[in-house]
$ cat entry.tsv   # TSV, C-alpha atoms
chain	number	residue	atom	x	y	z
F	1	MET	CA	-40.57	63.11	-48.19
F	2	GLN	CA	-40.20	59.37	-48.69
F	3	SER	CA	-39.56	57.20	-45.67
F	4	PRO	CA	-36.79	54.60	-46.01
F	5	ILE	CA	-37.48	50.88	-45.89
F	6	THR	CA	-35.34	48.63	-43.74
F	7	LEU	CA	-35.51	44.93	-44.43
F	8	THR	CA	-33.49	41.73	-44.26
F	9	VAL	CA	-32.08	40.18	-47.44
F	10	ASN	CA	-30.46	36.77	-47.09
F	11	GLY	CA	-30.03	37.36	-43.40
F	12	GLU	CA	-28.42	40.80	-43.74
F	13	ALA	CA	-29.97	44.17	-42.99
F	14	GLN	CA	-30.55	46.43	-45.99
F	15	ALA	CA	-31.99	49.89	-46.30
F	16	LEU	CA	-33.82	51.26	-49.33
F	17	PRO	CA	-34.34	55.03	-49.70
F	18	GLY	CA	-38.02	54.80	-50.59
F	19	PRO	CA	-40.86	52.66	-51.94
F	20	ALA	CA	-39.61	49.71	-53.95
F	21	SER	CA	-40.84	46.44	-55.41
F	22	VAL	CA	-39.11	43.06	-55.40
F	23	ALA	CA	-38.07	43.77	-59.00
F	24	ASP	CA	-36.55	47.08	-57.92
F	25	LEU	CA	-34.54	45.35	-55.22
F	26	LEU	CA	-33.14	42.75	-57.64
F	27	ALA	CA	-32.18	45.47	-60.10
F	28	ARG	CA	-30.55	47.46	-57.31
F	29	ILE	CA	-28.48	44.42	-56.27
F	30	GLY	CA	-27.70	43.70	-59.93
F	31	LEU	CA	-28.92	40.09	-60.09
F	32	ASP	CA	-29.93	38.24	-63.24
F	33	GLY	CA	-33.56	37.54	-62.42
F	34	ARG	CA	-33.76	34.56	-64.75
F	35	LYS	CA	-31.54	32.50	-62.44
F	36	VAL	CA	-32.92	33.25	-58.99
F	37	ALA	CA	-36.02	32.67	-56.90
F	38	VAL	CA	-37.40	34.93	-54.20
F	39	GLU	CA	-39.19	34.20	-50.97
F	40	ARG	CA	-40.72	37.05	-48.98
F	41	ASN	CA	-41.79	36.42	-45.39
F	42	LEU	CA	-41.79	32.65	-46.02
F	43	GLU	CA	-43.95	32.95	-49.16
F	44	ILE	CA	-42.65	32.42	-52.69
F	45	VAL	CA	-42.97	35.54	-54.83
F	46	PRO	CA	-43.58	34.29	-58.39
F	47	ARG	CA	-41.39	36.00	-60.97
F	48	SER	CA	-44.45	37.49	-62.67
F	49	LEU	CA	-45.36	39.32	-59.47
F	50	TRP	CA	-41.93	40.85	-58.74
F	51	PRO	CA	-42.80	44.25	-60.29
F	52	VAL	CA	-46.06	44.56	-58.36
F	53	THR	CA	-44.94	43.21	-54.99
F	54	PRO	CA	-44.06	46.16	-52.75
F	55	LEU	CA	-41.47	45.82	-50.02
F	56	ALA	CA	-42.19	46.97	-46.48
F	57	THR	CA	-40.08	47.64	-43.44
F	58	GLY	CA	-39.46	44.44	-41.52
F	59	ASP	CA	-39.71	42.18	-44.58
F	60	ALA	CA	-37.43	39.14	-44.64
F	61	LEU	CA	-36.34	38.11	-48.12
F	62	GLU	CA	-34.49	35.05	-49.32
F	63	ILE	CA	-32.95	35.20	-52.79
F	64	VAL	CA	-31.55	31.87	-53.93
F	65	ALA	CA	-29.94	30.22	-56.93
F	66	PHE	CA	-28.65	26.79	-57.84
F	67	ILE	CA	-25.15	25.88	-56.80
F	68	GLY	CA	-23.06	22.76	-57.08
F	69	GLY	CA	-24.15	20.11	-54.60
F	70	GLY	CA	-24.91	16.45	-54.20
Z	1	MET	CA	-28.89	-15.21	-74.41
Z	2	ASP	CA	-31.99	-13.13	-73.90
Z	3	GLY	CA	-32.59	-11.50	-77.24
Z	4	ILE	CA	-30.26	-8.98	-78.79
Z	5	ILE	CA	-27.81	-7.11	-76.61
Z	6	THR	CA	-28.19	-3.42	-77.19
Z	7	ALA	CA	-26.42	-0.51	-75.62
Z	8	ASP	CA	-29.80	1.10	-75.15
Z	9	ASP	CA	-31.21	-0.05	-71.82
Z	10	PRO	CA	-33.32	2.87	-70.69
Z	11	TRP	CA	-35.02	3.35	-67.36
Z	12	GLU	CA	-37.89	5.60	-66.39
Z	13	VAL	CA	-38.65	7.79	-63.44
Z	14	ALA	CA	-41.87	9.77	-63.15
Z	15	GLY	CA	-42.63	9.05	-66.81
Z	16	ARG	CA	-39.28	10.42	-68.00
Z	17	ARG	CA	-36.93	8.10	-69.83
Z	18	PHE	CA	-33.15	8.12	-69.44
Z	19	ARG	CA	-30.37	6.06	-70.98
Z	20	SER	CA	-27.68	6.75	-68.39
Z	21	ARG	CA	-28.12	4.98	-65.07
Z	22	LEU	CA	-25.66	7.28	-63.36
Z	23	ILE	CA	-26.88	10.43	-61.63
Z	24	VAL	CA	-24.12	12.73	-60.43
Z	25	GLY	CA	-23.91	15.56	-57.97
Z	26	THR	CA	-22.34	18.87	-58.87
Z	27	GLY	CA	-20.66	19.76	-55.57
Z	28	ARG	CA	-17.13	19.73	-54.15
Z	29	TYR	CA	-15.32	20.24	-57.45
Z	30	LYS	CA	-12.31	22.52	-57.75
Z	31	ASP	CA	-14.15	24.88	-60.08
Z	32	PHE	CA	-16.96	25.02	-62.64
Z	33	PRO	CA	-14.83	23.94	-65.63
Z	34	GLU	CA	-13.81	20.79	-63.74
Z	35	THR	CA	-17.47	20.19	-62.85
Z	36	ALA	CA	-18.45	20.47	-66.51
Z	37	ALA	CA	-15.63	18.16	-67.68
Z	38	ALA	CA	-16.48	15.48	-65.10
Z	39	LEU	CA	-20.17	15.60	-65.96
Z	40	GLU	CA	-19.35	15.22	-69.62
Z	41	ALA	CA	-17.11	12.22	-68.92
Z	42	SER	CA	-19.70	10.57	-66.68
Z	43	GLY	CA	-22.31	10.41	-69.43
Z	44	ALA	CA	-24.93	11.42	-66.85
Z	45	GLU	CA	-28.20	12.91	-68.04
Z	46	ILE	CA	-29.46	13.93	-64.60
Z	47	VAL	CA	-27.43	16.10	-62.23
Z	48	THR	CA	-28.36	17.03	-58.69
Z	49	VAL	CA	-28.00	20.65	-57.66
Z	50	ALA	CA	-28.28	22.46	-54.36
Z	51	VAL	CA	-30.19	25.65	-53.60
Z	52	ARG	CA	-28.43	28.42	-51.68
Z	53	ARG	CA	-28.63	32.12	-50.98
Z	54	VAL	CA	-27.05	34.19	-53.73
Z	55	ASN	CA	-24.10	36.38	-52.87
Z	56	THR	CA	-25.72	39.81	-53.01
Z	57	SER	CA	-22.35	41.55	-52.69
Z	58	ASP	CA	-21.03	39.83	-55.85
Z	59	PRO	CA	-24.06	39.56	-58.15
Z	60	SER	CA	-22.03	38.93	-61.29
Z	61	ALA	CA	-20.23	35.85	-59.90
Z	62	PRO	CA	-20.59	32.93	-62.33
Z	63	LEU	CA	-23.41	30.52	-61.64
Z	64	LEU	CA	-23.62	26.78	-62.12
Z	65	GLN	CA	-26.02	27.20	-65.05
Z	66	ASP	CA	-23.34	29.07	-66.97
Z	67	TYR	CA	-21.27	25.86	-67.08
Z	68	VAL	CA	-23.86	23.10	-66.67
Z	69	SER	CA	-26.71	23.89	-69.01
Z	70	PRO	CA	-30.20	23.02	-67.78
Z	71	ASP	CA	-31.07	22.52	-71.45
Z	72	ARG	CA	-28.60	19.67	-71.72
Z	73	TYR	CA	-28.89	18.11	-68.24
Z	74	THR	CA	-32.01	17.38	-66.25
Z	75	TYR	CA	-31.54	19.40	-63.07
Z	76	LEU	CA	-32.60	17.51	-59.97
Z	77	PRO	CA	-32.80	20.10	-57.18
Z	78	ASN	CA	-31.96	18.65	-53.78
Z	79	THR	CA	-32.35	19.62	-50.16
Z	80	ALA	CA	-28.74	19.05	-49.16
Z	81	GLY	CA	-28.08	20.57	-45.77
Z	82	CYS	CA	-31.71	20.55	-44.67
Z	83	HIS	CA	-32.31	19.05	-41.24
Z	84	THR	CA	-36.04	19.68	-40.92
Z	85	ALA	CA	-39.05	18.99	-43.11
Z	86	GLN	CA	-39.88	22.71	-43.17
Z	87	GLU	CA	-36.43	23.68	-44.50
Z	88	ALA	CA	-36.63	20.97	-47.15
Z	89	VAL	CA	-40.09	21.99	-48.37
Z	90	ARG	CA	-39.16	25.69	-48.48
Z	91	THR	CA	-35.98	24.88	-50.38
Z	92	LEU	CA	-37.74	22.84	-53.04
Z	93	ARG	CA	-40.51	25.39	-53.49
Z	94	LEU	CA	-37.79	27.95	-54.20
Z	95	ALA	CA	-36.10	25.49	-56.58
Z	96	ARG	CA	-39.36	25.01	-58.45
Z	97	GLU	CA	-39.75	28.75	-58.76
Z	98	ALA	CA	-36.15	29.23	-59.91
Z	99	GLY	CA	-36.21	26.52	-62.54
Z	100	GLY	CA	-39.72	25.23	-62.92
Z	101	TRP	CA	-38.82	21.66	-62.02
Z	102	ASN	CA	-41.20	19.32	-60.22
Z	103	LEU	CA	-38.82	16.35	-60.14
Z	104	VAL	CA	-36.77	16.76	-56.98
Z	105	LYS	CA	-34.50	14.92	-54.61
Z	106	LEU	CA	-35.63	15.07	-51.00
Z	107	GLU	CA	-33.17	14.51	-48.20
Z	108	VAL	CA	-33.77	15.39	-44.57
Z	109	LEU	CA	-30.62	14.75	-42.63
Z	110	GLY	CA	-29.85	13.87	-39.06
Z	111	PRO	CA	-26.90	15.39	-37.20
Z	112	PRO	CA	-23.19	14.87	-37.91
Z	113	PRO	CA	-21.10	12.76	-37.90
Z	114	TYR	CA	-23.34	10.44	-39.92
Z	115	LEU	CA	-25.92	12.75	-41.54
Z	116	TYR	CA	-28.08	9.65	-41.52
Z	117	PRO	CA	-31.55	10.19	-43.05
Z	118	ASP	CA	-34.02	11.61	-40.51
Z	119	MET	CA	-36.95	9.44	-41.46
Z	120	ALA	CA	-39.60	11.25	-39.40
Z	121	GLY	CA	-38.67	14.49	-41.14
Z	122	THR	CA	-38.43	12.71	-44.48
Z	123	PHE	CA	-41.99	11.34	-44.20
Z	124	GLU	CA	-43.33	14.75	-43.18
Z	125	ALA	CA	-41.60	16.55	-46.05
Z	126	ALA	CA	-42.52	13.88	-48.62
Z	127	ALA	CA	-46.20	14.17	-47.70
Z	128	ALA	CA	-46.15	17.97	-48.00
Z	129	LEU	CA	-44.26	17.94	-51.30
Z	130	ILE	CA	-46.42	15.28	-52.92
Z	131	ALA	CA	-49.55	17.20	-51.87
Z	132	ASP	CA	-47.99	20.27	-53.50
Z	133	GLY	CA	-47.49	18.52	-56.84
Z	134	PHE	CA	-43.82	17.56	-56.62
Z	135	GLU	CA	-42.42	14.30	-57.96
Z	136	VAL	CA	-40.21	13.17	-55.14
Z	137	MET	CA	-37.11	11.01	-55.43
Z	138	VAL	CA	-36.35	10.32	-51.81
Z	139	TYR	CA	-33.08	9.70	-50.00
Z	140	CYS	CA	-33.79	7.29	-47.18
Z	141	ALA	CA	-32.51	4.75	-44.70
Z	142	ASP	CA	-31.83	1.24	-45.96
Z	143	ASP	CA	-35.03	0.17	-44.22
Z	144	PRO	CA	-37.40	-1.96	-46.33
Z	145	VAL	CA	-40.47	-0.96	-44.30
Z	146	ALA	CA	-39.74	2.76	-44.56
Z	147	ALA	CA	-38.92	2.41	-48.25
Z	148	LYS	CA	-42.21	0.70	-49.00
Z	149	ARG	CA	-44.13	3.34	-47.06
Z	150	LEU	CA	-42.46	6.12	-49.05
Z	151	GLU	CA	-43.47	4.37	-52.26
Z	152	GLU	CA	-47.04	3.98	-51.06
Z	153	MET	CA	-47.14	7.70	-50.23
Z	154	GLY	CA	-46.34	8.40	-53.87
Z	155	CYS	CA	-42.58	8.93	-54.04
Z	156	VAL	CA	-41.38	8.29	-57.60
Z	157	ALA	CA	-38.01	6.76	-56.69
Z	158	ILE	CA	-36.58	5.24	-53.52
Z	159	MET	CA	-32.94	6.09	-52.83
Z	160	PRO	CA	-31.47	4.28	-49.83
Z	161	LEU	CA	-27.97	5.14	-48.72
Z	162	GLY	CA	-25.16	2.70	-49.46
Z	163	ALA	CA	-23.22	4.31	-46.61
Z	164	PRO	CA	-23.16	7.83	-45.06
Z	165	ILE	CA	-22.91	10.78	-47.44
Z	166	GLY	CA	-19.36	11.40	-48.60
Z	167	SER	CA	-18.01	8.43	-46.60
Z	168	GLY	CA	-16.82	6.40	-49.60
Z	169	MET	CA	-17.58	3.21	-47.66
Z	170	GLY	CA	-19.48	1.52	-50.50
Z	171	VAL	CA	-22.68	-0.48	-50.09
Z	172	VAL	CA	-22.38	-1.70	-46.50
Z	173	ASN	CA	-25.79	-3.38	-46.31
Z	174	PRO	CA	-26.27	-5.12	-49.65
Z	175	TYR	CA	-28.94	-7.53	-48.42
Z	176	LEU	CA	-31.24	-4.73	-47.39
Z	177	ILE	CA	-30.69	-2.87	-50.66
Z	178	ARG	CA	-31.69	-6.04	-52.46
Z	179	ALA	CA	-34.72	-6.47	-50.19
Z	180	ILE	CA	-35.84	-2.89	-50.92
Z	181	LYS	CA	-35.44	-3.44	-54.65
Z	182	ALA	CA	-37.33	-6.75	-54.55
Z	183	ALA	CA	-40.37	-5.09	-52.97
Z	184	ALA	CA	-40.37	-1.85	-54.97
Z	185	ARG	CA	-42.44	-0.98	-58.01
Z	186	VAL	CA	-40.68	2.35	-58.52
Z	187	PRO	CA	-36.98	2.76	-59.34
Z	188	VAL	CA	-34.49	2.08	-56.55
Z	189	LEU	CA	-31.19	3.95	-56.57
Z	190	VAL	CA	-28.25	3.65	-54.23
Z	191	ASP	CA	-27.60	7.22	-53.18
Z	192	ALA	CA	-24.53	8.09	-51.11
Z	193	GLY	CA	-21.60	6.04	-49.91
Z	194	ILE	CA	-20.13	4.90	-53.22
Z	195	GLY	CA	-16.34	5.40	-53.17
Z	196	THR	CA	-15.00	3.80	-56.33
Z	197	ALA	CA	-16.05	2.14	-59.55
Z	198	SER	CA	-16.32	-1.44	-58.26
Z	199	GLU	CA	-18.78	-0.25	-55.61
Z	200	ALA	CA	-20.97	1.41	-58.22
Z	201	ALA	CA	-20.88	-1.78	-60.27
Z	202	PHE	CA	-21.77	-3.77	-57.15
Z	203	ALA	CA	-24.81	-1.56	-56.48
Z	204	MET	CA	-26.00	-2.18	-60.02
Z	205	GLU	CA	-25.37	-5.93	-59.70
Z	206	LEU	CA	-27.75	-5.92	-56.74
Z	207	GLY	CA	-30.43	-4.92	-59.22
Z	208	CYS	CA	-30.64	-1.19	-58.54
Z	209	ASP	CA	-32.07	0.88	-61.37
Z	210	ALA	CA	-29.40	3.55	-61.09
Z	211	VAL	CA	-26.72	4.99	-58.83
Z	212	LEU	CA	-26.37	8.52	-57.51
Z	213	LEU	CA	-22.97	9.76	-56.39
Z	214	ASN	CA	-20.93	12.92	-56.06
Z	215	SER	CA	-17.87	12.73	-53.80
Z	216	ALA	CA	-16.56	9.54	-55.41
Z	217	ILE	CA	-15.91	11.58	-58.53
Z	218	ALA	CA	-15.29	15.04	-57.10
Z	219	HIS	CA	-12.83	13.84	-54.45
Z	220	ALA	CA	-10.93	11.41	-56.64
Z	221	GLY	CA	-7.37	12.36	-57.51
Z	222	ASP	CA	-8.44	12.73	-61.14
Z	223	PRO	CA	-12.17	13.51	-61.13
Z	224	VAL	CA	-12.63	13.41	-64.90
Z	225	ARG	CA	-11.05	9.97	-65.17
Z	226	MET	CA	-13.09	8.68	-62.24
Z	227	ALA	CA	-16.24	10.04	-63.88
Z	228	ARG	CA	-15.43	7.94	-66.93
Z	229	ALA	CA	-14.74	4.91	-64.70
Z	230	MET	CA	-18.15	5.37	-63.07
Z	231	LYS	CA	-19.87	5.50	-66.44
Z	232	PHE	CA	-18.39	2.12	-67.40
Z	233	ALA	CA	-18.88	0.65	-63.91
Z	234	VAL	CA	-22.59	1.41	-63.85
Z	235	SER	CA	-22.99	0.06	-67.34
Z	236	ALA	CA	-20.95	-3.10	-66.54
Z	237	GLY	CA	-22.85	-3.68	-63.30
Z	238	ARG	CA	-26.15	-3.37	-65.10
Z	239	ASP	CA	-25.09	-5.87	-67.76
Z	240	ALA	CA	-23.79	-8.27	-65.10
Z	241	PHE	CA	-27.14	-8.06	-63.29
Z	242	LEU	CA	-29.06	-8.74	-66.49
Z	243	ALA	CA	-26.69	-11.56	-67.40
Z	244	ARG	CA	-27.36	-13.31	-64.03
Z	245	ARG	CA	-24.08	-14.29	-62.41
Z	246	MET	CA	-22.92	-17.90	-62.04
Z	247	PRO	CA	-23.56	-19.65	-58.72
Z	248	ARG	CA	-20.94	-19.49	-55.96
Z	249	ASP	CA	-19.25	-22.65	-54.71
Z	250	TYR	CA	-16.12	-22.90	-52.60
Z	251	ARG	CA	-15.04	-26.01	-54.55
Z	252	ALA	CA	-13.33	-25.93	-57.95
Z	253	ASP	CA	-15.24	-26.68	-61.11
Z	254	ALA	CA	-12.71	-26.92	-63.95
Z	255	SER	CA	-13.62	-25.17	-67.14
Z	256	SER	CA	-11.42	-27.34	-69.41
Z	257	PRO	CA	-12.50	-30.90	-70.33
Z	258	SER	CA	-10.92	-33.67	-68.23
Z	259	LEU	CA	-10.72	-36.01	-71.24
Z	260	GLY	CA	-7.65	-36.00	-73.49
Z	261	VAL	CA	-5.06	-34.78	-71.00
Z	262	ILE	CA	-1.68	-36.00	-72.35
Z	263	GLY	CA	0.19	-38.94	-70.84
Z	264	ARG	CA	-2.83	-40.73	-69.27

$ encode --input "entry.tsv" --output "structure tokens"
Amino acid sequence: MQSPITLTVNGEAQALPGPASVADLLARIGLDGRKVAVERNLEIVPRSLWPVTPLATGDALEIVAFIGGG
Amino acid sequence: MDGIITADDPWEVAGRRFRSRLIVGTGRYKDFPETAAALEASGAEIVTVAVRRVNTSDPSAPLLQDYVSPDRYTYLPNTAGCHTAQEAVRTLRLAREAGGWNLVKLEVLGPPPYLYPDMAGTFEAAAALIADGFEVMVYCADDPVAAKRLEEMGCVAIMPLGAPIGSGMGVVNPYLIRAIKAAARVPVLVDAGIGTASEAAFAMELGCDAVLLNSAIAHAGDPVRMARAMKFAVSAGRDAFLARRMPRDYRADASSPSLGVIGR
């Protein structure tokens, strides 16, 4: 049986049913990966490493995009 | 007259050449179509953009890029809202990952109500970013000593405030802006404080290389028309600077000949 992963995404608690990568998480949320950047536990996760970067319980992720601003 | 007047009066920052001397922010507009229309009217080639958490509960919400193409405009990611060097550096590393841009606008802000540049944090962040390969255009106090130090650290443009962000107070310290420009070997831009077209022209008449503004357009009654006014103001101010204004004198100096007046 797979153990769930609980982590924080943009400051909010999320639970995943089993092992997942950063790419899996983005797909699950439904985000267009070409327009966002991801930081995991204060480290940038380069886009090329999303599929091979596993998530673990306790991870803190920031997913950001550009918005209007001065 | 110094040579031939041409509309093409480019400037360079970090080895990149631009014709427009107006950089505009993309915030505080009613919606994305208004943002796009104002940018178009402004003639700007560089637009500043903020970095924020995406809304994970509405992943299909339209994004800025859908209306303001990074292929057409040079995106200048900023650190708006960052109050520490650490926040600013994290934000710009994420921006570089999201868009691949090294040319960035650094701002580390003090507390409200002035959001005045926090220069200790600005120096700390600038050092970290430059060491990490960024080309840093830096928002800073109108302090000639601080400005020179930022240039010596390797910042590619110095951007002193005209007045607090979003205040619309204009260039309140023109002599210091001029002093910063006189000492600088990198472009100097007035960033923040501009409220209307005459103030943008005035900043350019001081000799600044360009002007950066956002609220003056976005908070005008008619943002698209104000964007157009800013385009002409920056261009007029630049020409007036290059033309070298006449001297001031409180006494009259008639421009018509005194000979040949009738009845004498």

$ residues_around --input "entry.tsv" --residues "stretch 130-141 of chain Z" --least-positions-apart "3" --cutoff "6 Å" --atoms "all atoms listed in the file" --output "VMD selection string"
chain Z and resid 102 to 107 117 126 to 127 155 to 160

$ interface_residues --input "entry.tsv" --of "chain Z" --to "chain F" --cutoff "7 Å" --atoms "all atoms listed in the file" --output "compact mmCIF listing (two decimals) with C-alpha atoms, in the coordinates of the input"
# COMPACT_ATOMS: atom_id res chain seq x y z
CA GLY Z 25 -23.91 15.56 -57.97
CA THR Z 26 -22.34 18.87 -58.87
CA GLY Z 27 -20.66 19.76 -55.57
CA THR Z 48 -28.36 17.03 -58.69
CA VAL Z 49 -28.00 20.65 -57.66
CA ALA Z 50 -28.28 22.46 -54.36
CA VAL Z 51 -30.19 25.65 -53.60
CA ARG Z 52 -28.43 28.42 -51.68
CA ARG Z 53 -28.63 32.12 -50.98
CA VAL Z 54 -27.05 34.19 -53.73
CA THR Z 56 -25.72 39.81 -53.01
CA PRO Z 59 -24.06 39.56 -58.15
CA LEU Z 63 -23.41 30.52 -61.64
CA LEU Z 64 -23.62 26.78 -62.12
CA ALA Z 80 -28.74 19.05 -49.16
CA LEU Z 94 -37.79 27.95 -54.20
CA GLU Z 97 -39.75 28.75 -58.76
CA ALA Z 98 -36.15 29.23 -59.91
CA ASN Z 214 -20.93 12.92 -56.06

$ atom_distance --input "entry.tsv" --atom1 "atom CA of Z:Arg244" --atom2 "atom CA of Z:Phe202"
13.0 Å

$ atom_distance --input "entry.tsv" --atom1 "atom CA of Z:Arg90" --atom2 "atom CA of Z:Asp143"
26.2 Å

$ residues_around --input "entry.tsv" --residues "F:Leu49" --least-positions-apart "5" --cutoff "10 Å" --atoms "only C-alpha atoms" --output "number ranges by chain"
F: 21-23, 54

$ closest_residue --input "entry.tsv" --among "F:Ala56, F:Asp24, F:Leu61, F:Trp50" --to "F:Thr6" --atoms "only C-alpha atoms"
F:Ala56

$ residues_around --input "entry.tsv" --residues "F:Ala15" --least-positions-apart "4" --cutoff "8 Å" --atoms "all atoms listed in the file" --output "PyMOL selection string"
chain F and resi 4-7

$ atom_distance --input "entry.tsv" --atom1 "atom CA of F:Ala60" --atom2 "atom CA of F:Leu25"
12.6 Å

$ residues_around --input "entry.tsv" --residues "Z:Ala227" --least-positions-apart "5" --cutoff "12 Å" --atoms "only C-alpha atoms" --output "ChimeraX atom specification"
/Z:22-26,34-44,195-197,200,213-222,232-234

$ closest_residue --input "entry.tsv" --among "Z:Tyr116, Z:Tyr75, Z:Trp11, Z:Tyr29" --to "Z:Gly99" --atoms "all atoms listed in the file"
Z:Tyr75

$ residues_around --input "entry.tsv" --residues "Z:Gly166" --least-positions-apart "2" --cutoff "7 Å" --atoms "all atoms listed in the file" --output "short mmCIF file (atom, residue, chain, number, x, y, z; two decimals) with C-alpha atoms, keeping the file's coordinate frame"
data_model
loop_
_atom_site.label_atom_id
_atom_site.label_comp_id
_atom_site.auth_asym_id
_atom_site.auth_seq_id
_atom_site.Cartn_x
_atom_site.Cartn_y
_atom_site.Cartn_z
CA PRO Z 164 -23.16 7.83 -45.06
CA GLY Z 168 -16.82 6.40 -49.60
CA ALA Z 192 -24.53 8.09 -51.11
CA GLY Z 193 -21.60 6.04 -49.91
CA SER Z 215 -17.87 12.73 -53.80
#

$ decode --input "entry.tsv" --residues "stretch 239-251 of chain Z" --atoms "N, CA, C and O atoms" --output "mmCIF file, in the first residue's frame"
data_model
loop_
_atom_site.group_PDB
_atom_site.id
_atom_site.type_symbol
_atom_site.label_atom_id
_atom_site.label_comp_id
_atom_site.auth_asym_id
_atom_site.auth_seq_id
_atom_site.Cartn_x
_atom_site.Cartn_y
_atom_site.Cartn_z
ATOM 1 N N ASP Z 239 14.503 65.381 -26.431
ATOM 2 C CA ASP Z 239 14.911 66.370 -27.439
ATOM 3 C C ASP Z 239 15.283 67.691 -26.778
ATOM 4 O O ASP Z 239 16.252 68.341 -27.162
ATOM 5 N N ALA Z 240 14.496 68.117 -25.785
ATOM 6 C CA ALA Z 240 14.785 69.383 -25.103
ATOM 7 C C ALA Z 240 16.144 69.308 -24.402
ATOM 8 O O ALA Z 240 16.916 70.269 -24.424
ATOM 9 N N PHE Z 241 16.440 68.155 -23.808
ATOM 10 C CA PHE Z 241 17.749 67.987 -23.165
ATOM 11 C C PHE Z 241 18.870 68.105 -24.196
ATOM 12 O O PHE Z 241 19.846 68.827 -23.995
ATOM 13 N N LEU Z 242 18.700 67.404 -25.316
ATOM 14 C CA LEU Z 242 19.741 67.421 -26.342
ATOM 15 C C LEU Z 242 19.882 68.818 -26.960
ATOM 16 O O LEU Z 242 20.972 69.212 -27.377
ATOM 17 N N ALA Z 243 18.759 69.532 -27.025
ATOM 18 C CA ALA Z 243 18.772 70.858 -27.642
ATOM 19 C C ALA Z 243 19.418 71.906 -26.730
ATOM 20 O O ALA Z 243 19.767 72.982 -27.201
ATOM 21 N N ARG Z 244 19.571 71.610 -25.440
ATOM 22 C CA ARG Z 244 20.158 72.531 -24.452
ATOM 23 C C ARG Z 244 19.313 73.798 -24.339
ATOM 24 O O ARG Z 244 19.368 74.666 -25.204
ATOM 25 N N ARG Z 245 18.577 73.886 -23.259
ATOM 26 C CA ARG Z 245 17.628 74.979 -23.069
ATOM 27 C C ARG Z 245 18.341 76.339 -22.983
ATOM 28 O O ARG Z 245 19.507 76.407 -22.628
ATOM 29 N N MET Z 246 17.584 77.379 -23.250
ATOM 30 C CA MET Z 246 18.105 78.755 -23.136
ATOM 31 C C MET Z 246 18.361 79.073 -21.663
ATOM 32 O O MET Z 246 17.791 78.459 -20.767
ATOM 33 N N PRO Z 247 19.226 80.075 -21.407
ATOM 34 C CA PRO Z 247 19.460 80.438 -20.004
ATOM 35 C C PRO Z 247 18.244 81.123 -19.384
ATOM 36 O O PRO Z 247 17.427 81.728 -20.094
ATOM 37 N N ARG Z 248 18.131 81.028 -18.072
ATOM 38 C CA ARG Z 248 17.051 81.713 -17.343
ATOM 39 C C ARG Z 248 17.510 83.109 -16.946
ATOM 40 O O ARG Z 248 18.662 83.308 -16.572
ATOM 41 N N ASP Z 249 16.599 84.055 -16.997
ATOM 42 C CA ASP Z 249 16.873 85.413 -16.501
ATOM 43 C C ASP Z 249 15.535 86.016 -16.124
ATOM 44 O O ASP Z 249 14.572 85.915 -16.883
ATOM 45 N N TYR Z 250 15.454 86.635 -14.971
ATOM 46 C CA TYR Z 250 14.171 87.192 -14.550
ATOM 47 C C TYR Z 250 13.795 88.425 -15.350
ATOM 48 O O TYR Z 250 12.665 88.872 -15.338
ATOM 49 N N ARG Z 251 14.775 89.018 -16.070
ATOM 50 C CA ARG Z 251 14.483 90.219 -16.861
ATOM 51 C C ARG Z 251 14.040 89.821 -18.266
ATOM 52 O O ARG Z 251 14.392 88.746 -18.747
#
